[in-house]
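Asker: Have a look at this one before I ask anything.
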Amino acid sequence: MSPGCEPVWITGVGAVTTFGHTFDAISDALLGGRSAVKVIESFDVSQHPSQIAAQVESIPCPPGCDPVAFSKRVRLAQCVEWCCRTALMDAGLWDQRHELRIGLALGLGVEWMQTWEFDRRHGGQRILHPELETSSLVGATSRSLGLRGPAVSLSAACASGNHALALGRQWLRLGWVDCCLAGACDMGVTPVSLAGFGNLRALSRRNDQPTSASRPFDRQRDGMVLGEGGAVFVLESQRLARRRRAVGRAEVAGFGASSDAFHMVIPGSDPVPGSNAMRAALTDARVTSAEIDYINAHATSTPVGDACETRILQLSLGDDLPRVPISSTKSMTGHLLSAASAIEALACVTALSRQAVPATSNLHDPDPQCALCHVPNETQPRRVRVTASNSFGFGGSNTCLVLRAVA
């Protein structure tokens with residue numbers, strides 16, 4: 001098999017979530033249907049119309065890091081460091097990292113804004129001196145870990161993680177790296193982001209019902225709920241993984257992307273661009289819609305967005321629509337913004353690993369405009385060999401990622 005066609009495996013996972021920071025803990029929570037949404041207590045929300053989020057309370061210091069220095073870093077930097085280090089450890093590559101060309105492709109949305117906002121909230125003035133920001137988070141992470149492969153950050157809104165995984169797979173197939181860290185992180189529950197999305201009227205205002213506020217596909221949905229965290233995956237070729245007897249958690253089998261070219265924040269009403277991304281991913285993976293066992297929907301719990309995605313799914317799946325189980329784990333995790341597709345790829349890995357489909361929590365009154373094969377409120381044990389994860393970001397950035405069980 002030529003390098004350009006060789007399967008690429010996920011052999012390690014590092015994650016920060018409101019459910020915990022290990023694959024097993026996160027999988028248990030996703031399949032247990034637990035919502036992580038609470039009233040925000042880390043800053044004053046009394047003047048915000050939406051006062052709830054799925055916020056990470058703390059990030060542990062990774063093994064080998066100086067706890068004092070780690071505690072002084074902004075939360076986004078802590079998240080990236082934890083995810084990357086623990087992913088390499090999970091893959092069994094930590095001790096070999098200096099001997100390999102390890103790439104880093106990381107989705108990051110608003111790195112400097114989060115740094116400046118954190119500094120300003122603590123009395124600093126870094127926002128007035130952008131010339132002081134001499135190193136990107138990706139560059140700092142590469143130096144911290146001693147990585148010798150290419151390193152890039154990318155921003156494609158909610159689709160950033162899917163793009164990062166696709167880029168990492170391409171680097172491997174081009175022979176540029178021996179393995180790659182790919183994923184996305186976002187610690188976006190901040191006063192500025194809460195105000196911005198609140199002013200867009202994109203957020204749920206069910207402040208007295210935090211755990212049931214995110215209601216994808218439900219007739220009573222009134223907006224999304226912010227979440228935060230991240231997930232980073234170790235990607236390597238099937239050949240290398242087998243040679244070192246690594247455990248393959250999933251194969252990155254297919255990817256498709258398109259753009260709506262419609263509006264900065266409003267989803268396009270035409271389902272064709274989104275469907276093009278899904279169909280491209282299936283073609284890339286060499287599977288048909290009849291072979292899909294589970295779809296993790298982008299569905300954010302907004303009235304317009306969920307209905308638009310339903311039309312995309314209906315067009316893409318055709319006659320297979322009634323039998324393909326579809327759910328939105330944002331009902332439990334909230335919307336992780338730039339990290340959304342990374343954490344939802346992890347949910348697909350969970351489905352493949354546990355042979356069970358996570359549910360859409362709080363789906364008690366399905367919207368007739370969202371007529372799909374829902375997985376309401378309870379996990380469904382079932383055979384899962386092929387999964388697809390949709391992510392449709394601001395600006396019309398559409399992606400679909402196909403993950404397949406390792407043969």
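Chain labels run A, B, ... following the order of the structure tokens; each chain numbers its residues from 1, and ligands are numbered from 1 in the order shown.
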Residues of region 297-358 of chain A that have any atom at most 12 Å from an atom of region 367-373 of chain A: could you tabulate them with the shortest-distance atom pair and the distance in Å to one decimal, using only C-alpha atoms, ordered by chain and increasing number, as CSV?
Answerer:
```
residue,atom,partner,partner_atom,distance
A:Ala297,CA,A:Leu372,CA,10.8
A:Ala299,CA,A:Cys370,CA,10.3
A:Ser301,CA,A:Asp367,CA,11.2
A:Thr302,CA,A:Asp367,CA,11.8
A:Pro303,CA,A:Asp367,CA,9.5
A:Val304,CA,A:Gln369,CA,10.2
A:Gly305,CA,A:Cys370,CA,10.4
A:Asp306,CA,A:Cys370,CA,7.1
A:Ala307,CA,A:Cys370,CA,5.7
A:Cys308,CA,A:Cys370,CA,8.7
A:Glu309,CA,A:Cys370,CA,8.5
A:Thr310,CA,A:Cys370,CA,5.5
A:Arg311,CA,A:Cys370,CA,8.1
A:Ile312,CA,A:Cys370,CA,10.7
A:Leu313,CA,A:Leu372,CA,8.3
A:Gln314,CA,A:Leu372,CA,8.0
A:Leu315,CA,A:Leu372,CA,11.8
A:Leu317,CA,A:Leu372,CA,10.4
A:Gly318,CA,A:Leu372,CA,11.3
A:Asp319,CA,A:Leu372,CA,11.7
A:Asp320,CA,A:Cys373,CA,9.8
A:Leu321,CA,A:Leu372,CA,6.7
A:Pro322,CA,A:Cys373,CA,5.4
A:Arg323,CA,A:Cys373,CA,6.2
A:Val324,CA,A:Cys373,CA,6.0
A:Pro325,CA,A:Cys373,CA,5.1
A:Ile326,CA,A:Cys373,CA,5.9
A:Ser327,CA,A:Cys373,CA,8.5
A:Ser328,CA,A:Leu372,CA,11.9
```
Asker: Excluding same-chain residues fewer than 3 positions from Met332 (chain A), what lies within 6 Å of it counting only C-alpha atoms, as a PyMOL selection string?
Answerer: chain A and resi 35-36+329
Asker: Would you list, as a CSV table (one decimal) with N, CA and C atoms, in the first residue's frame, the residues of region 222-372 of chain A that end up in helix (DSSP H, G or I) under DSSP run on this structure's backbone?
Answerer:
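Dumped to out-v9.csv:
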```csv
chain,number,residue,atom,x,y,z
A,238,GLN,N,-0.9,3.0,10.3
A,238,GLN,CA,-1.2,1.7,10.7
A,238,GLN,C,0.1,0.8,10.8
A,239,ARG,N,1.0,1.1,9.8
A,239,ARG,CA,2.2,0.3,9.8
A,239,ARG,C,3.1,0.5,11.1
A,240,LEU,N,3.3,1.8,11.4
A,240,LEU,CA,4.1,2.1,12.6
A,240,LEU,C,3.4,1.6,13.9
A,241,ALA,N,2.1,1.8,14.0
A,241,ALA,CA,1.3,1.3,15.1
A,241,ALA,C,1.4,-0.2,15.3
A,242,ARG,N,1.3,-0.9,14.3
A,242,ARG,CA,1.4,-2.4,14.4
A,242,ARG,C,2.8,-2.8,14.7
A,243,ARG,N,3.8,-2.1,14.2
A,243,ARG,CA,5.2,-2.5,14.4
A,243,ARG,C,5.5,-2.4,15.9
A,272,VAL,N,-27.2,22.1,0.6
A,272,VAL,CA,-26.3,21.5,-0.4
A,272,VAL,C,-24.8,21.6,0.1
A,273,PRO,N,-24.3,22.8,0.5
A,273,PRO,CA,-22.9,22.9,0.9
A,273,PRO,C,-22.6,21.9,2.1
A,274,GLY,N,-23.4,21.9,3.1
A,274,GLY,CA,-23.2,21.0,4.2
A,274,GLY,C,-23.2,19.5,3.8
A,275,SER,N,-24.2,19.2,2.9
A,275,SER,CA,-24.3,17.9,2.4
A,275,SER,C,-23.0,17.5,1.6
A,276,ASN,N,-22.5,18.5,0.8
A,276,ASN,CA,-21.3,18.2,0.1
A,276,ASN,C,-20.1,17.8,1.0
A,277,ALA,N,-20.0,18.4,2.2
A,277,ALA,CA,-19.0,18.1,3.1
A,277,ALA,C,-19.2,16.6,3.6
A,278,MET,N,-20.4,16.3,3.9
A,278,MET,CA,-20.7,14.9,4.4
A,278,MET,C,-20.4,13.9,3.3
A,279,ARG,N,-20.8,14.2,2.1
A,279,ARG,CA,-20.6,13.2,1.0
A,279,ARG,C,-19.1,13.1,0.6
A,280,ALA,N,-18.4,14.2,0.7
A,280,ALA,CA,-17.0,14.1,0.5
A,280,ALA,C,-16.3,13.2,1.5
A,281,ALA,N,-16.7,13.3,2.7
A,281,ALA,CA,-16.1,12.5,3.8
A,281,ALA,C,-16.4,11.0,3.6
A,282,LEU,N,-17.6,10.7,3.2
A,282,LEU,CA,-17.9,9.3,2.9
A,282,LEU,C,-17.2,8.8,1.7
A,283,THR,N,-17.0,9.6,0.7
A,283,THR,CA,-16.3,9.2,-0.5
A,283,THR,C,-14.8,8.9,-0.1
A,284,ASP,N,-14.3,9.9,0.7
A,284,ASP,CA,-12.9,9.7,1.1
A,284,ASP,C,-12.7,8.4,1.9
A,285,ALA,N,-13.7,8.1,2.8
A,285,ALA,CA,-13.6,6.9,3.6
A,285,ALA,C,-13.9,5.6,2.8
A,289,SER,N,-23.6,5.7,2.8
A,289,SER,CA,-24.5,6.1,4.0
A,289,SER,C,-25.1,4.9,4.6
A,290,ALA,N,-25.3,3.8,3.9
A,290,ALA,CA,-25.8,2.5,4.4
A,290,ALA,C,-24.9,1.9,5.4
A,291,GLU,N,-23.6,2.3,5.4
A,291,GLU,CA,-22.6,1.7,6.3
A,291,GLU,C,-22.4,2.5,7.6
A,303,PRO,N,-32.6,27.3,17.6
A,303,PRO,CA,-33.8,27.0,16.8
A,303,PRO,C,-33.5,26.9,15.3
A,304,VAL,N,-32.7,27.8,14.8
A,304,VAL,CA,-32.4,27.8,13.3
A,304,VAL,C,-31.3,26.7,13.0
A,305,GLY,N,-30.3,26.6,13.7
A,305,GLY,CA,-29.2,25.7,13.4
A,305,GLY,C,-29.6,24.3,13.3
A,306,ASP,N,-30.3,23.8,14.3
A,306,ASP,CA,-30.7,22.4,14.4
A,306,ASP,C,-31.6,22.0,13.2
A,307,ALA,N,-32.5,22.9,12.8
A,307,ALA,CA,-33.4,22.6,11.7
A,307,ALA,C,-32.6,22.6,10.4
A,308,CYS,N,-31.6,23.5,10.2
A,308,CYS,CA,-30.7,23.5,9.1
A,308,CYS,C,-29.9,22.2,8.9
A,309,GLU,N,-29.4,21.8,10.0
A,309,GLU,CA,-28.6,20.5,10.0
A,309,GLU,C,-29.5,19.3,9.6
A,310,THR,N,-30.7,19.4,10.1
A,310,THR,CA,-31.6,18.3,9.8
A,310,THR,C,-31.8,18.2,8.3
A,311,ARG,N,-31.9,19.3,7.6
A,311,ARG,CA,-32.1,19.3,6.1
A,311,ARG,C,-30.8,18.7,5.5
A,312,ILE,N,-29.6,19.1,6.0
A,312,ILE,CA,-28.4,18.5,5.5
A,312,ILE,C,-28.3,17.0,5.7
A,313,LEU,N,-28.7,16.5,6.8
A,313,LEU,CA,-28.7,15.1,7.1
A,313,LEU,C,-29.8,14.4,6.2
A,314,GLN,N,-30.9,15.0,6.0
A,314,GLN,CA,-31.9,14.3,5.2
A,314,GLN,C,-31.4,14.2,3.7
A,315,LEU,N,-30.8,15.3,3.2
A,315,LEU,CA,-30.2,15.3,1.9
A,315,LEU,C,-29.1,14.3,1.7
A,316,SER,N,-28.2,14.2,2.8
A,316,SER,CA,-27.0,13.3,2.7
A,316,SER,C,-27.4,11.8,2.8
A,317,LEU,N,-28.3,11.5,3.7
A,317,LEU,CA,-28.6,10.1,4.0
A,317,LEU,C,-29.7,9.5,3.1
A,318,GLY,N,-30.6,10.3,2.6
A,318,GLY,CA,-31.6,9.8,1.7
A,318,GLY,C,-32.4,8.7,2.4
A,319,ASP,N,-32.5,7.6,1.7
A,319,ASP,CA,-33.3,6.5,2.2
A,319,ASP,C,-32.8,5.8,3.5
A,320,ASP,N,-31.5,6.1,3.8
A,320,ASP,CA,-30.9,5.6,5.1
A,320,ASP,C,-31.2,6.4,6.3
A,321,LEU,N,-31.8,7.6,6.1
A,321,LEU,CA,-32.1,8.4,7.2
A,321,LEU,C,-32.9,7.8,8.4
A,322,PRO,N,-33.9,7.0,8.2
A,322,PRO,CA,-34.7,6.4,9.3
A,322,PRO,C,-33.9,5.4,10.1
A,323,ARG,N,-32.8,4.9,9.6
A,323,ARG,CA,-32.1,3.8,10.4
A,323,ARG,C,-30.8,4.2,11.0
A,330,LYS,N,-23.6,17.7,22.7
A,330,LYS,CA,-23.6,19.1,23.3
A,330,LYS,C,-24.7,19.3,24.3
A,331,SER,N,-25.7,18.4,24.3
A,331,SER,CA,-26.7,18.4,25.4
A,331,SER,C,-26.1,18.1,26.7
A,332,MET,N,-24.9,17.5,26.8
A,332,MET,CA,-24.3,17.2,28.0
A,332,MET,C,-23.0,18.1,28.3
A,333,THR,N,-22.2,18.3,27.2
A,333,THR,CA,-20.9,19.0,27.3
A,333,THR,C,-21.1,20.5,27.2
A,337,LEU,N,-17.1,25.5,21.4
A,337,LEU,CA,-16.6,26.5,20.4
A,337,LEU,C,-15.5,25.9,19.5
A,338,SER,N,-14.3,26.4,19.5
A,338,SER,CA,-13.3,25.9,18.7
A,338,SER,C,-12.9,24.5,19.0
A,339,ALA,N,-13.2,24.0,20.2
A,339,ALA,CA,-12.8,22.6,20.5
A,339,ALA,C,-14.0,21.7,20.3
A,340,ALA,N,-15.1,22.1,19.8
A,340,ALA,CA,-16.3,21.3,19.7
A,340,ALA,C,-16.1,20.0,18.9
A,341,SER,N,-15.6,20.1,17.7
A,341,SER,CA,-15.4,18.9,16.9
A,341,SER,C,-14.4,18.0,17.5
A,342,ALA,N,-13.4,18.5,18.2
A,342,ALA,CA,-12.4,17.6,18.8
A,342,ALA,C,-13.1,16.7,19.9
A,343,ILE,N,-13.9,17.3,20.8
A,343,ILE,CA,-14.5,16.6,21.8
A,343,ILE,C,-15.6,15.6,21.3
A,344,GLU,N,-16.2,16.0,20.1
A,344,GLU,CA,-17.2,15.1,19.5
A,344,GLU,C,-16.5,14.0,18.7
A,345,ALA,N,-15.3,14.2,18.3
A,345,ALA,CA,-14.6,13.1,17.7
A,345,ALA,C,-14.3,12.1,18.8
A,346,LEU,N,-14.0,12.6,20.0
A,346,LEU,CA,-13.8,11.7,21.2
A,346,LEU,C,-15.0,10.9,21.5
A,347,ALA,N,-16.2,11.6,21.4
A,347,ALA,CA,-17.5,10.8,21.6
A,347,ALA,C,-17.6,9.7,20.6
A,348,CYS,N,-17.2,9.9,19.3
A,348,CYS,CA,-17.3,8.9,18.3
A,348,CYS,C,-16.3,7.7,18.7
A,349,VAL,N,-15.1,8.1,19.2
A,349,VAL,CA,-14.2,7.0,19.6
A,349,VAL,C,-14.8,6.2,20.8
A,350,THR,N,-15.5,6.9,21.6
A,350,THR,CA,-16.2,6.2,22.7
A,350,THR,C,-17.2,5.2,22.1
A,351,ALA,N,-18.0,5.7,21.2
A,351,ALA,CA,-19.0,4.8,20.6
A,351,ALA,C,-18.4,3.5,20.0
A,352,LEU,N,-17.2,3.7,19.3
A,352,LEU,CA,-16.5,2.6,18.7
A,352,LEU,C,-15.9,1.7,19.8
A,353,SER,N,-15.4,2.3,20.8
A,353,SER,CA,-14.8,1.5,21.9
A,353,SER,C,-15.7,0.8,22.8
A,354,ARG,N,-16.9,1.4,23.1
A,354,ARG,CA,-17.8,0.8,24.0
A,354,ARG,C,-19.0,0.1,23.3
A,368,PRO,N,-40.8,18.6,15.1
A,368,PRO,CA,-41.2,18.0,13.8
A,368,PRO,C,-40.3,18.4,12.6
A,369,GLN,N,-39.7,19.6,12.7
A,369,GLN,CA,-38.8,20.1,11.7
A,369,GLN,C,-37.4,19.3,11.8
A,370,CYS,N,-37.2,18.5,12.9
A,370,CYS,CA,-36.0,17.8,13.1
A,370,CYS,C,-36.3,16.3,13.1
```
Asker: Enumerate, as a PDB file with N, CA and C atoms, in the first residue's frame, the complete set of residues in region 143-299 of chain A that a backbone-based DSSP assignment places in strand (DSSP E).
Answerer:
```pdb
ATOM      1  N   ALA A 151       4.529  22.450  13.144  1.00  0.00           N
ATOM      2  CA  ALA A 151       3.547  22.843  14.156  1.00  0.00           C
ATOM      3  C   ALA A 151       2.753  24.033  13.646  1.00  0.00           C
ATOM      4  N   VAL A 152       1.429  23.917  13.646  1.00  0.00           N
ATOM      5  CA  VAL A 152       0.570  25.016  13.209  1.00  0.00           C
ATOM      6  C   VAL A 152      -0.644  25.104  14.115  1.00  0.00           C
ATOM      7  N   SER A 153      -1.141  26.319  14.274  1.00  0.00           N
ATOM      8  CA  SER A 153      -2.460  26.515  14.862  1.00  0.00           C
ATOM      9  C   SER A 153      -3.401  26.901  13.735  1.00  0.00           C
ATOM     10  N   LEU A 154      -4.661  26.531  13.871  1.00  0.00           N
ATOM     11  CA  LEU A 154      -5.638  26.881  12.839  1.00  0.00           C
ATOM     12  C   LEU A 154      -6.955  27.245  13.503  1.00  0.00           C
ATOM     13  N   CYS A 179       4.577  10.731  13.483  1.00  0.00           N
ATOM     14  CA  CYS A 179       3.262  10.734  14.127  1.00  0.00           C
ATOM     15  C   CYS A 179       2.884  12.189  14.365  1.00  0.00           C
ATOM     16  N   CYS A 180       1.649  12.411  14.765  1.00  0.00           N
ATOM     17  CA  CYS A 180       1.159  13.792  14.871  1.00  0.00           C
ATOM     18  C   CYS A 180       0.188  13.934  16.028  1.00  0.00           C
ATOM     19  N   LEU A 181       0.325  15.021  16.752  1.00  0.00           N
ATOM     20  CA  LEU A 181      -0.675  15.441  17.732  1.00  0.00           C
ATOM     21  C   LEU A 181      -1.665  16.346  17.013  1.00  0.00           C
ATOM     22  N   ALA A 182      -2.944  15.999  17.085  1.00  0.00           N
ATOM     23  CA  ALA A 182      -3.956  16.789  16.377  1.00  0.00           C
ATOM     24  C   ALA A 182      -5.213  16.887  17.224  1.00  0.00           C
ATOM     25  N   GLY A 183      -5.793  18.073  17.289  1.00  0.00           N
ATOM     26  CA  GLY A 183      -7.015  18.267  18.059  1.00  0.00           C
ATOM     27  C   GLY A 183      -7.307  19.745  18.215  1.00  0.00           C
ATOM     28  N   ALA A 184      -8.016  20.093  19.281  1.00  0.00           N
ATOM     29  CA  ALA A 184      -8.386  21.498  19.508  1.00  0.00           C
ATOM     30  C   ALA A 184      -8.704  21.715  20.973  1.00  0.00           C
ATOM     31  N   CYS A 185      -8.463  22.937  21.428  1.00  0.00           N
ATOM     32  CA  CYS A 185      -8.744  23.318  22.817  1.00  0.00           C
ATOM     33  C   CYS A 185      -9.373  24.713  22.846  1.00  0.00           C
ATOM     34  N   ASP A 186     -10.257  24.926  23.803  1.00  0.00           N
ATOM     35  CA  ASP A 186     -10.876  26.246  23.966  1.00  0.00           C
ATOM     36  C   ASP A 186     -11.418  26.361  25.380  1.00  0.00           C
ATOM     37  N   LEU A 226     -22.647  27.421  26.597  1.00  0.00           N
ATOM     38  CA  LEU A 226     -21.205  27.375  26.415  1.00  0.00           C
ATOM     39  C   LEU A 226     -20.575  26.237  27.222  1.00  0.00           C
ATOM     40  N   GLY A 227     -19.521  25.670  26.667  1.00  0.00           N
ATOM     41  CA  GLY A 227     -18.724  24.675  27.367  1.00  0.00           C
ATOM     42  C   GLY A 227     -17.259  24.948  27.106  1.00  0.00           C
ATOM     43  N   GLY A 229     -12.961  23.092  27.288  1.00  0.00           N
ATOM     44  CA  GLY A 229     -12.111  21.913  27.395  1.00  0.00           C
ATOM     45  C   GLY A 229     -11.364  21.695  26.099  1.00  0.00           C
ATOM     46  N   GLY A 230     -11.009  20.456  25.838  1.00  0.00           N
ATOM     47  CA  GLY A 230     -10.296  20.142  24.607  1.00  0.00           C
ATOM     48  C   GLY A 230      -9.948  18.684  24.523  1.00  0.00           C
ATOM     49  N   ALA A 231      -9.542  18.272  23.335  1.00  0.00           N
ATOM     50  CA  ALA A 231      -9.090  16.904  23.103  1.00  0.00           C
ATOM     51  C   ALA A 231      -8.004  16.920  22.044  1.00  0.00           C
ATOM     52  N   VAL A 232      -6.947  16.173  22.299  1.00  0.00           N
ATOM     53  CA  VAL A 232      -5.841  16.033  21.358  1.00  0.00           C
ATOM     54  C   VAL A 232      -5.591  14.543  21.161  1.00  0.00           C
ATOM     55  N   PHE A 233      -5.370  14.144  19.912  1.00  0.00           N
ATOM     56  CA  PHE A 233      -5.200  12.743  19.554  1.00  0.00           C
ATOM     57  C   PHE A 233      -3.812  12.510  18.968  1.00  0.00           C
ATOM     58  N   VAL A 234      -3.252  11.361  19.258  1.00  0.00           N
ATOM     59  CA  VAL A 234      -2.023  10.935  18.588  1.00  0.00           C
ATOM     60  C   VAL A 234      -2.416  10.162  17.340  1.00  0.00           C
ATOM     61  N   LEU A 235      -1.945  10.633  16.193  1.00  0.00           N
ATOM     62  CA  LEU A 235      -2.189   9.961  14.925  1.00  0.00           C
ATOM     63  C   LEU A 235      -0.885   9.317  14.453  1.00  0.00           C
ATOM     64  N   GLU A 236      -0.966   8.098  13.963  1.00  0.00           N
ATOM     65  CA  GLU A 236       0.190   7.453  13.362  1.00  0.00           C
ATOM     66  C   GLU A 236      -0.271   6.444  12.324  1.00  0.00           C
ATOM     67  N   SER A 237       0.638   6.062  11.468  1.00  0.00           N
ATOM     68  CA  SER A 237       0.285   5.124  10.407  1.00  0.00           C
ATOM     69  C   SER A 237      -0.011   3.753  10.997  1.00  0.00           C
ATOM     70  N   ALA A 250      -9.133   4.039  16.870  1.00  0.00           N
ATOM     71  CA  ALA A 250     -10.000   4.285  15.710  1.00  0.00           C
ATOM     72  C   ALA A 250      -9.126   4.632  14.527  1.00  0.00           C
ATOM     73  N   GLU A 251      -9.681   4.492  13.337  1.00  0.00           N
ATOM     74  CA  GLU A 251      -9.019   4.939  12.117  1.00  0.00           C
ATOM     75  C   GLU A 251      -9.646   6.249  11.656  1.00  0.00           C
ATOM     76  N   VAL A 252      -8.807   7.234  11.333  1.00  0.00           N
ATOM     77  CA  VAL A 252      -9.297   8.478  10.727  1.00  0.00           C
ATOM     78  C   VAL A 252      -9.513   8.167   9.252  1.00  0.00           C
ATOM     79  N   ALA A 253     -10.752   7.794   8.927  1.00  0.00           N
ATOM     80  CA  ALA A 253     -11.024   7.183   7.619  1.00  0.00           C
ATOM     81  C   ALA A 253     -11.396   8.177   6.537  1.00  0.00           C
ATOM     82  N   GLY A 254     -12.051   9.276   6.904  1.00  0.00           N
ATOM     83  CA  GLY A 254     -12.520  10.193   5.866  1.00  0.00           C
ATOM     84  C   GLY A 254     -12.745  11.595   6.384  1.00  0.00           C
ATOM     85  N   PHE A 255     -12.631  12.562   5.498  1.00  0.00           N
ATOM     86  CA  PHE A 255     -12.849  13.968   5.854  1.00  0.00           C
ATOM     87  C   PHE A 255     -13.400  14.697   4.644  1.00  0.00           C
ATOM     88  N   GLY A 256     -14.349  15.589   4.911  1.00  0.00           N
ATOM     89  CA  GLY A 256     -14.891  16.438   3.859  1.00  0.00           C
ATOM     90  C   GLY A 256     -15.139  17.836   4.395  1.00  0.00           C
ATOM     91  N   ALA A 257     -14.996  18.832   3.546  1.00  0.00           N
ATOM     92  CA  ALA A 257     -15.181  20.219   3.975  1.00  0.00           C
ATOM     93  C   ALA A 257     -15.795  21.042   2.859  1.00  0.00           C
ATOM     94  N   SER A 258     -16.525  22.089   3.252  1.00  0.00           N
ATOM     95  CA  SER A 258     -17.105  23.029   2.288  1.00  0.00           C
ATOM     96  C   SER A 258     -17.392  24.330   3.014  1.00  0.00           C
ATOM     97  N   SER A 259     -17.856  25.321   2.270  1.00  0.00           N
ATOM     98  CA  SER A 259     -18.234  26.609   2.859  1.00  0.00           C
ATOM     99  C   SER A 259     -19.602  27.029   2.333  1.00  0.00           C
ATOM    100  N   TYR A 294     -23.439   5.430  13.266  1.00  0.00           N
ATOM    101  CA  TYR A 294     -23.762   6.502  14.227  1.00  0.00           C
ATOM    102  C   TYR A 294     -23.254   7.823  13.683  1.00  0.00           C
ATOM    103  N   ILE A 295     -24.049   8.882  13.881  1.00  0.00           N
ATOM    104  CA  ILE A 295     -23.636  10.242  13.528  1.00  0.00           C
ATOM    105  C   ILE A 295     -23.722  11.121  14.767  1.00  0.00           C
ATOM    106  N   ASN A 296     -22.608  11.767  15.089  1.00  0.00           N
ATOM    107  CA  ASN A 296     -22.620  12.793  16.126  1.00  0.00           C
ATOM    108  C   ASN A 296     -22.905  14.124  15.438  1.00  0.00           C
TER     109      ASN A 296
END
```
Asker: Need the shell around Gly64 (chain A): protein/DNA/RNA residues with any atom at most 12 Å away, counting only C-alpha atoms. Skip same-chain ones fewer than 6 positions apart. Format as a PyMOL selection string?
Answerer: chain A and resi 70+81-82+85-86+89+94-95+144-145
Asker: Take CA of Ala407 (chain A) and CA of Ala388 (chain A) and report the distance between them in Å, one decimal.
Answerer: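 Computed distance, CA of Ala407 (chain A) to CA of Ala388 (chain A), equals 17.3 Å.
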Asker: Out of A:Ala157, A:Arg121, A:His129, A:Arg143, which residue has the shortest atom-to-atom distance to Leu108 (chain A) when counting only C-alpha atoms?
Answerer: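 Once distances to Leu108 (chain A) are computed over only C-alpha atoms, the minimum belongs to A:Ala157.
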Asker: Give the answer as one residue: which of A:Leu30, A:Val357, A:Pro49, A:Pro63 has the shortest atom-to-atom distance to Arg382 (chain A), using only C-alpha atoms?
Answerer: A:Val357
Asker: I'd like the contact shell of region 111-119 of chain A - 12 Å cut-off, only C-alpha atoms, skipping same-chain residues fewer than 3 positions apart - returned as a ChimeraX atom specification.
Answerer: /A:43,72-78,80,106-108,122-138,153-155,184-193,338
Asker: With a distance cut-off of 9 Å and only C-alpha atoms, select the neighbouring residues of His263 (chain A), excluding the residue or stretch itself and same-chain residues fewer than 6 positions from it, and output the selection as an MDAnalysis selection string.
Answerer: chainID A and resid 394:396
Asker: If we count only C-alpha atoms, what is near Arg201 (chain A) at a cut-off of 12 Å, once residues fewer than 2 positions away on the same chain are taken out, given as a CSV table (one decimal) with N, CA and C atoms, in the first residue's frame?
Answerer:
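Final output, saved to around_8.csv:
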```
chain,number,residue,atom,x,y,z
A,48,HIS,N,-25.6,39.3,33.0
A,48,HIS,CA,-25.6,38.5,31.8
A,48,HIS,C,-27.0,37.8,31.7
A,49,PRO,N,-27.6,37.8,30.5
A,49,PRO,CA,-28.9,37.1,30.3
A,49,PRO,C,-28.7,35.6,30.4
A,50,SER,N,-27.6,35.1,30.0
A,50,SER,CA,-27.4,33.6,30.2
A,50,SER,C,-26.3,33.5,31.3
A,194,LEU,N,-19.3,35.2,27.0
A,194,LEU,CA,-20.7,35.1,27.5
A,194,LEU,C,-21.5,36.4,27.1
A,195,ALA,N,-20.8,37.5,27.1
A,195,ALA,CA,-21.5,38.8,26.7
A,195,ALA,C,-21.8,38.7,25.2
A,196,GLY,N,-20.7,38.3,24.4
A,196,GLY,CA,-20.8,38.3,23.0
A,196,GLY,C,-21.9,37.4,22.5
A,197,PHE,N,-21.9,36.1,22.9
A,197,PHE,CA,-22.9,35.2,22.4
A,197,PHE,C,-24.3,35.5,23.0
A,198,GLY,N,-24.3,36.1,24.2
A,198,GLY,CA,-25.5,36.6,24.8
A,198,GLY,C,-26.2,37.7,24.0
A,199,ASN,N,-25.4,38.6,23.6
A,199,ASN,CA,-25.9,39.7,22.7
A,199,ASN,C,-26.4,39.2,21.4
A,203,LEU,N,-27.6,32.1,23.2
A,203,LEU,CA,-27.5,31.3,24.4
A,203,LEU,C,-28.8,31.1,25.0
A,204,SER,N,-28.9,29.9,25.6
A,204,SER,CA,-30.1,29.5,26.4
A,204,SER,C,-30.2,30.4,27.6
A,205,ARG,N,-31.4,30.8,28.0
A,205,ARG,CA,-31.7,31.6,29.1
A,205,ARG,C,-32.4,30.9,30.3
A,222,ASP,N,-34.0,26.8,23.2
A,222,ASP,CA,-33.9,28.2,23.1
A,222,ASP,C,-32.5,28.8,22.9
A,223,GLY,N,-31.6,27.9,22.6
A,223,GLY,CA,-30.2,28.4,22.4
A,223,GLY,C,-29.2,27.5,23.0
A,224,MET,N,-27.9,27.7,22.6
A,224,MET,CA,-26.9,26.8,23.1
A,224,MET,C,-26.4,27.2,24.5
A,225,VAL,N,-25.6,26.3,25.0
A,225,VAL,CA,-24.9,26.6,26.3
A,225,VAL,C,-23.4,26.5,26.1
A,265,VAL,N,-22.6,34.6,11.0
A,265,VAL,CA,-23.1,33.8,12.1
A,265,VAL,C,-24.3,33.0,11.9
A,266,ILE,N,-25.1,33.3,10.8
A,266,ILE,CA,-26.3,32.6,10.6
A,266,ILE,C,-26.1,31.5,9.6
A,302,THR,N,-29.8,25.5,19.0
A,302,THR,CA,-30.4,26.8,18.5
A,302,THR,C,-31.6,26.5,17.6
A,303,PRO,N,-32.6,27.3,17.6
A,303,PRO,CA,-33.8,27.0,16.8
A,303,PRO,C,-33.5,26.9,15.3
A,304,VAL,N,-32.7,27.8,14.8
A,304,VAL,CA,-32.4,27.8,13.3
A,304,VAL,C,-31.3,26.7,13.0
```
Asker: When distances are computed from only C-alpha atoms, which of A:Phe217, A:Gly248, A:Thr141, A:Gln51 shows the smallest separation from Val375 (chain A)?
Answerer: A:Phe217
Asker: How many Å separate CA of Ile59 (chain A) from CA of Thr22 (chain A)?
Answerer: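 Atom-to-atom, CA of Ile59 (chain A) and CA of Thr22 (chain A) are spaced 11.7 Å apart.
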